[in-house]
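Chemist: Here's a structure for you.
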Amino acid sequence: MLPRDTRGRPRRPRDEPVLDGPVHITQVGPRAALVEVADAAEALSLAGWVRGRVAAEEVVPAARTVLLDGLGPGTDLAALLAGWSPEVPAPPGPWVTVPVVYDGPDLEAVAAHWGCSAGDVVVRHTAHVFVSAFCGFSPGFAYLSGLPTELAVPRLASPRTRVEAGSVALADAWCGIYPTASPGGWQVIGRTDLTLWDPTREQPALLAPGTRVRFVEAS
């Protein structure tokens, strides 16, 4: 699958990555490869770029990797990815507006961490555009980037045994919405009635990678 890299070097053993400029490529199966990049923004950019350029059945971005599964026989992935640059912007995704009731149990704690009032947390949270970088943790749980690093908040010291579905929460510089009730350690600032995961939809995840998200205060 990875016979040679862009410098004409022979294929490396399965557990040794191919180094090709800004990416590391590791073969993880007979027709699968894991591409390592610097961060979630690059992963989303690469995932959008390879669709339509690389014959793969699945393209799955994560925090710092992109999994390409179902690659065609003999695919020279290193040569193909030589055409990608980290400067390539991710293709714009659809917009989703998320109405939120800002009454979460950690709203005051987040306000204290930010050095502002609870009302100002709402103003700041609704002022930013978020992007679904990748999904994980549970079906339909999107890791939303867009919160400035200076507003990053720590996870709870002791995770809750149950966080209700629709809970809007923060952890580090990520924002997320719990699609189903589950344990969780993120700081909950509000809740929404939107259905985040519906297996009967053509796209089960409402906030699939690349989706742009704007939060608004529910009336």
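Here's how to read the names in the structure tokens: chain A, B, ... by the order shown, residue numbers from 1 in each chain, ligand numbers from 1 in the order shown.
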I'd like the neighbourhood of A:Leu156 as a ChimeraX atom specification, where a residue qualifies if any of its atoms comes within 6 Å (using only C-alpha atoms), though same-chain residues fewer than 2 positions away should be ignored.
Modeler: /A:158-159,185
Chemist: Would you mind exporting N, CA and C atoms of the selected residues as a PDB file, in the first residue's frame?
Modeler:
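Ended up saving to result13.pdb:
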ATOM      1  N   SER A 158     -13.336  15.607  39.975  1.00  0.00           N
ATOM      2  CA  SER A 158     -14.015  14.314  40.124  1.00  0.00           C
ATOM      3  C   SER A 158     -15.156  14.254  39.120  1.00  0.00           C
ATOM      4  N   PRO A 159     -15.066  13.416  38.091  1.00  0.00           N
ATOM      5  CA  PRO A 159     -16.126  13.354  37.070  1.00  0.00           C
ATOM      6  C   PRO A 159     -17.478  12.974  37.673  1.00  0.00           C
ATOM      7  N   GLY A 185     -16.623  14.444  32.749  1.00  0.00           N
ATOM      8  CA  GLY A 185     -15.829  15.311  33.602  1.00  0.00           C
ATOM      9  C   GLY A 185     -15.687  16.727  33.091  1.00  0.00           C
TER      10      GLY A 185
END
Chemist: Return as a VMD selection string the full set of residues in stretch 17-167 of chain A whose backbone-based DSSP assignment is strand (DSSP E or B).
Modeler: chain A and resid 18 to 20 23 to 29 32 to 36 58 to 61 65 to 69 95 to 101 129 to 135 142 to 145 153 160 to 163 167
Chemist: Limited to C-alpha atoms, could you put the picked residues into a file as an mmCIF file, in the first residue's frame?
Modeler:
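Final output, selection-v9.cif:
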data_model
loop_
_atom_site.group_PDB
_atom_site.id
_atom_site.type_symbol
_atom_site.label_atom_id
_atom_site.label_comp_id
_atom_site.auth_asym_id
_atom_site.auth_seq_id
_atom_site.Cartn_x
_atom_site.Cartn_y
_atom_site.Cartn_z
ATOM 1 C CA VAL A 18 7.041 7.102 6.902
ATOM 2 C CA LEU A 19 8.245 10.671 7.356
ATOM 3 C CA ASP A 20 6.965 12.892 4.608
ATOM 4 C CA VAL A 23 2.979 14.278 8.127
ATOM 5 C CA HIS A 24 3.919 10.858 9.474
ATOM 6 C CA ILE A 25 2.244 7.888 7.810
ATOM 7 C CA THR A 26 1.914 4.528 9.535
ATOM 8 C CA GLN A 27 0.344 1.492 7.911
ATOM 9 C CA VAL A 28 -2.159 0.073 10.426
ATOM 10 C CA GLY A 29 -3.766 -2.625 8.293
ATOM 11 C CA ALA A 32 -5.478 1.281 6.194
ATOM 12 C CA ALA A 33 -3.059 4.026 7.195
ATOM 13 C CA LEU A 34 -2.856 6.509 10.043
ATOM 14 C CA VAL A 35 -1.574 9.962 9.103
ATOM 15 C CA GLU A 36 -0.169 12.048 11.966
ATOM 16 C CA GLU A 58 -13.474 6.015 5.231
ATOM 17 C CA VAL A 59 -11.674 9.215 6.225
ATOM 18 C CA VAL A 60 -11.759 9.804 9.982
ATOM 19 C CA PRO A 61 -10.106 12.903 11.505
ATOM 20 C CA THR A 65 -4.417 12.071 13.173
ATOM 21 C CA VAL A 66 -6.459 11.095 10.134
ATOM 22 C CA LEU A 67 -7.359 7.446 9.603
ATOM 23 C CA LEU A 68 -7.706 6.355 5.980
ATOM 24 C CA ASP A 69 -9.409 2.976 5.711
ATOM 25 C CA TRP A 95 -23.938 25.764 9.779
ATOM 26 C CA VAL A 96 -25.836 24.584 12.846
ATOM 27 C CA THR A 97 -27.310 27.005 15.381
ATOM 28 C CA VAL A 98 -27.563 25.581 18.891
ATOM 29 C CA PRO A 99 -30.023 27.251 21.301
ATOM 30 C CA VAL A 100 -28.814 26.927 24.889
ATOM 31 C CA VAL A 101 -30.390 27.499 28.280
ATOM 32 C CA VAL A 129 -17.867 30.452 16.004
ATOM 33 C CA PHE A 130 -17.026 26.833 16.751
ATOM 34 C CA VAL A 131 -16.049 24.072 14.337
ATOM 35 C CA SER A 132 -16.518 20.348 14.849
ATOM 36 C CA ALA A 133 -12.941 19.075 14.673
ATOM 37 C CA PHE A 134 -13.736 15.397 15.216
ATOM 38 C CA CYS A 135 -16.149 13.074 16.987
ATOM 39 C CA ALA A 142 -18.264 16.436 18.681
ATOM 40 C CA TYR A 143 -15.117 18.129 19.916
ATOM 41 C CA LEU A 144 -15.730 21.766 19.005
ATOM 42 C CA SER A 145 -12.748 24.063 18.508
ATOM 43 C CA VAL A 153 -10.986 25.624 31.690
ATOM 44 C CA ARG A 160 -19.879 13.086 37.457
ATOM 45 C CA THR A 161 -21.420 9.644 37.217
ATOM 46 C CA ARG A 162 -24.206 11.058 35.030
ATOM 47 C CA VAL A 163 -24.352 14.083 32.737
ATOM 48 C CA SER A 167 -25.534 19.270 28.308
#
Chemist: To one decimal in Å, tell me the separation between atom CA of A:Leu71 and atom CA of A:Gly83.
Modeler: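 Pair atom CA of A:Leu71 / atom CA of A:Gly83 returns 17.6 Å.
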Chemist: Distance atom CA of A:Gln187-atom CA of A:Ser45, one decimal place?
Modeler: 28.3 Å
Chemist: So that I can check the secondary structure, give me every residue of stretch 84-157 of chain A assigned alpha helix (DSSP H) by backbone DSSP, as a PyMOL selection string.
Modeler: chain A and resi 107-114+118-127
Chemist: Go ahead and write the residues just picked, N, CA and C atoms, as a PDB file, in the first residue's frame.
Modeler:
ATOM      1  N   LEU A 107     -21.663  26.769  35.705  1.00  0.00           N
ATOM      2  CA  LEU A 107     -21.620  28.102  35.097  1.00  0.00           C
ATOM      3  C   LEU A 107     -20.875  29.088  35.992  1.00  0.00           C
ATOM      4  N   GLU A 108     -21.175  29.073  37.280  1.00  0.00           N
ATOM      5  CA  GLU A 108     -20.521  30.013  38.194  1.00  0.00           C
ATOM      6  C   GLU A 108     -19.030  29.703  38.327  1.00  0.00           C
ATOM      7  N   ALA A 109     -18.679  28.413  38.308  1.00  0.00           N
ATOM      8  CA  ALA A 109     -17.263  28.046  38.410  1.00  0.00           C
ATOM      9  C   ALA A 109     -16.492  28.521  37.186  1.00  0.00           C
ATOM     10  N   VAL A 110     -17.094  28.398  36.006  1.00  0.00           N
ATOM     11  CA  VAL A 110     -16.452  28.884  34.785  1.00  0.00           C
ATOM     12  C   VAL A 110     -16.314  30.401  34.838  1.00  0.00           C
ATOM     13  N   ALA A 111     -17.359  31.080  35.335  1.00  0.00           N
ATOM     14  CA  ALA A 111     -17.296  32.535  35.463  1.00  0.00           C
ATOM     15  C   ALA A 111     -16.147  32.945  36.386  1.00  0.00           C
ATOM     16  N   ALA A 112     -15.987  32.229  37.489  1.00  0.00           N
ATOM     17  CA  ALA A 112     -14.898  32.542  38.414  1.00  0.00           C
ATOM     18  C   ALA A 112     -13.540  32.304  37.758  1.00  0.00           C
ATOM     19  N   HIS A 113     -13.444  31.239  36.977  1.00  0.00           N
ATOM     20  CA  HIS A 113     -12.174  30.938  36.298  1.00  0.00           C
ATOM     21  C   HIS A 113     -11.857  32.004  35.263  1.00  0.00           C
ATOM     22  N   TRP A 114     -12.876  32.514  34.599  1.00  0.00           N
ATOM     23  CA  TRP A 114     -12.676  33.552  33.593  1.00  0.00           C
ATOM     24  C   TRP A 114     -12.576  34.947  34.205  1.00  0.00           C
ATOM     25  N   ALA A 118     -21.582  35.373  35.430  1.00  0.00           N
ATOM     26  CA  ALA A 118     -22.226  34.303  34.673  1.00  0.00           C
ATOM     27  C   ALA A 118     -22.812  34.846  33.373  1.00  0.00           C
ATOM     28  N   GLY A 119     -23.351  36.053  33.426  1.00  0.00           N
ATOM     29  CA  GLY A 119     -23.885  36.662  32.213  1.00  0.00           C
ATOM     30  C   GLY A 119     -22.816  36.892  31.167  1.00  0.00           C
ATOM     31  N   ASP A 120     -21.618  37.256  31.621  1.00  0.00           N
ATOM     32  CA  ASP A 120     -20.521  37.463  30.676  1.00  0.00           C
ATOM     33  C   ASP A 120     -20.052  36.149  30.056  1.00  0.00           C
ATOM     34  N   VAL A 121     -20.173  35.040  30.792  1.00  0.00           N
ATOM     35  CA  VAL A 121     -19.846  33.738  30.202  1.00  0.00           C
ATOM     36  C   VAL A 121     -20.743  33.486  29.002  1.00  0.00           C
ATOM     37  N   VAL A 122     -22.030  33.792  29.147  1.00  0.00           N
ATOM     38  CA  VAL A 122     -22.976  33.615  28.038  1.00  0.00           C
ATOM     39  C   VAL A 122     -22.571  34.487  26.859  1.00  0.00           C
ATOM     40  N   VAL A 123     -22.244  35.740  27.133  1.00  0.00           N
ATOM     41  CA  VAL A 123     -21.856  36.664  26.068  1.00  0.00           C
ATOM     42  C   VAL A 123     -20.617  36.153  25.341  1.00  0.00           C
ATOM     43  N   ARG A 124     -19.632  35.708  26.086  1.00  0.00           N
ATOM     44  CA  ARG A 124     -18.389  35.236  25.462  1.00  0.00           C
ATOM     45  C   ARG A 124     -18.607  33.933  24.691  1.00  0.00           C
ATOM     46  N   HIS A 125     -19.376  33.039  25.282  1.00  0.00           N
ATOM     47  CA  HIS A 125     -19.584  31.745  24.617  1.00  0.00           C
ATOM     48  C   HIS A 125     -20.355  31.910  23.317  1.00  0.00           C
ATOM     49  N   THR A 126     -21.337  32.784  23.298  1.00  0.00           N
ATOM     50  CA  THR A 126     -22.142  32.978  22.084  1.00  0.00           C
ATOM     51  C   THR A 126     -21.446  33.874  21.064  1.00  0.00           C
ATOM     52  N   ALA A 127     -20.335  34.493  21.440  1.00  0.00           N
ATOM     53  CA  ALA A 127     -19.636  35.391  20.514  1.00  0.00           C
ATOM     54  C   ALA A 127     -18.726  34.645  19.554  1.00  0.00           C
TER      55      ALA A 127
END
Chemist: Pick out the residues sitting within 12 Å of stretch 179-184 of chain A, and hand them over as a ChimeraX atom specification; count only C-alpha atoms, and ignore anything fewer than 5 positions along from it in its own chain.
Modeler: /A:135-143,155-171,191-198,204-207
Chemist: Would you mind telling me which residue in A:Gly48, A:Thr200, A:Val88, A:Val213 lies nearest to A:Ile177 when using only C-alpha atoms?
Modeler: A:Val213
Chemist: Restricting the calculation to only C-alpha atoms, which member of A:Ala40, A:Tyr102, A:Val188, A:Glu87 is positioned closest to A:Ser219?
Modeler: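 The answer is A:Tyr102, which sits nearest to A:Ser219.
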Chemist: Suppose you want the space between atom CA of A:Gly210 and atom CA of A:Ala62; what is it in Å?
Modeler: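 Pair atom CA of A:Gly210 / atom CA of A:Ala62 returns 11.7 Å.
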Chemist: If you count only C-alpha atoms, which residues fall within 7 Å of A:Gly72, apart from same-chain ones fewer than 6 positions away, as JSON, numbers by chain?
Modeler: {"A": [31, 55, 56]}
Chemist: Selected residues, N, CA and C atoms, written as a short mmCIF file (atom, residue, chain, number, x, y, z; two decimals), in the first residue's frame, please.
Modeler:
data_model
loop_
_atom_site.label_atom_id
_atom_site.label_comp_id
_atom_site.auth_asym_id
_atom_site.auth_seq_id
_atom_site.Cartn_x
_atom_site.Cartn_y
_atom_site.Cartn_z
N ARG A 31 -5.18 -2.39 4.29
CA ARG A 31 -5.71 -1.32 3.44
C ARG A 31 -5.98 -0.06 4.25
N ALA A 55 -8.56 7.45 -2.98
CA ALA A 55 -9.62 6.44 -2.97
C ALA A 55 -9.60 5.71 -1.64
N ALA A 56 -10.44 6.15 -0.71
CA ALA A 56 -10.54 5.52 0.61
C ALA A 56 -12.02 5.41 0.97
#
Chemist: Between A:Ala173, A:Ala47, A:Val37, A:Ala218, single out the one closest to A:Gly190, counting only C-alpha atoms.
Modeler: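 Ranking A:Ala173, A:Ala47, A:Val37, A:Ala218 by distance to A:Gly190, first place goes to A:Ala218.
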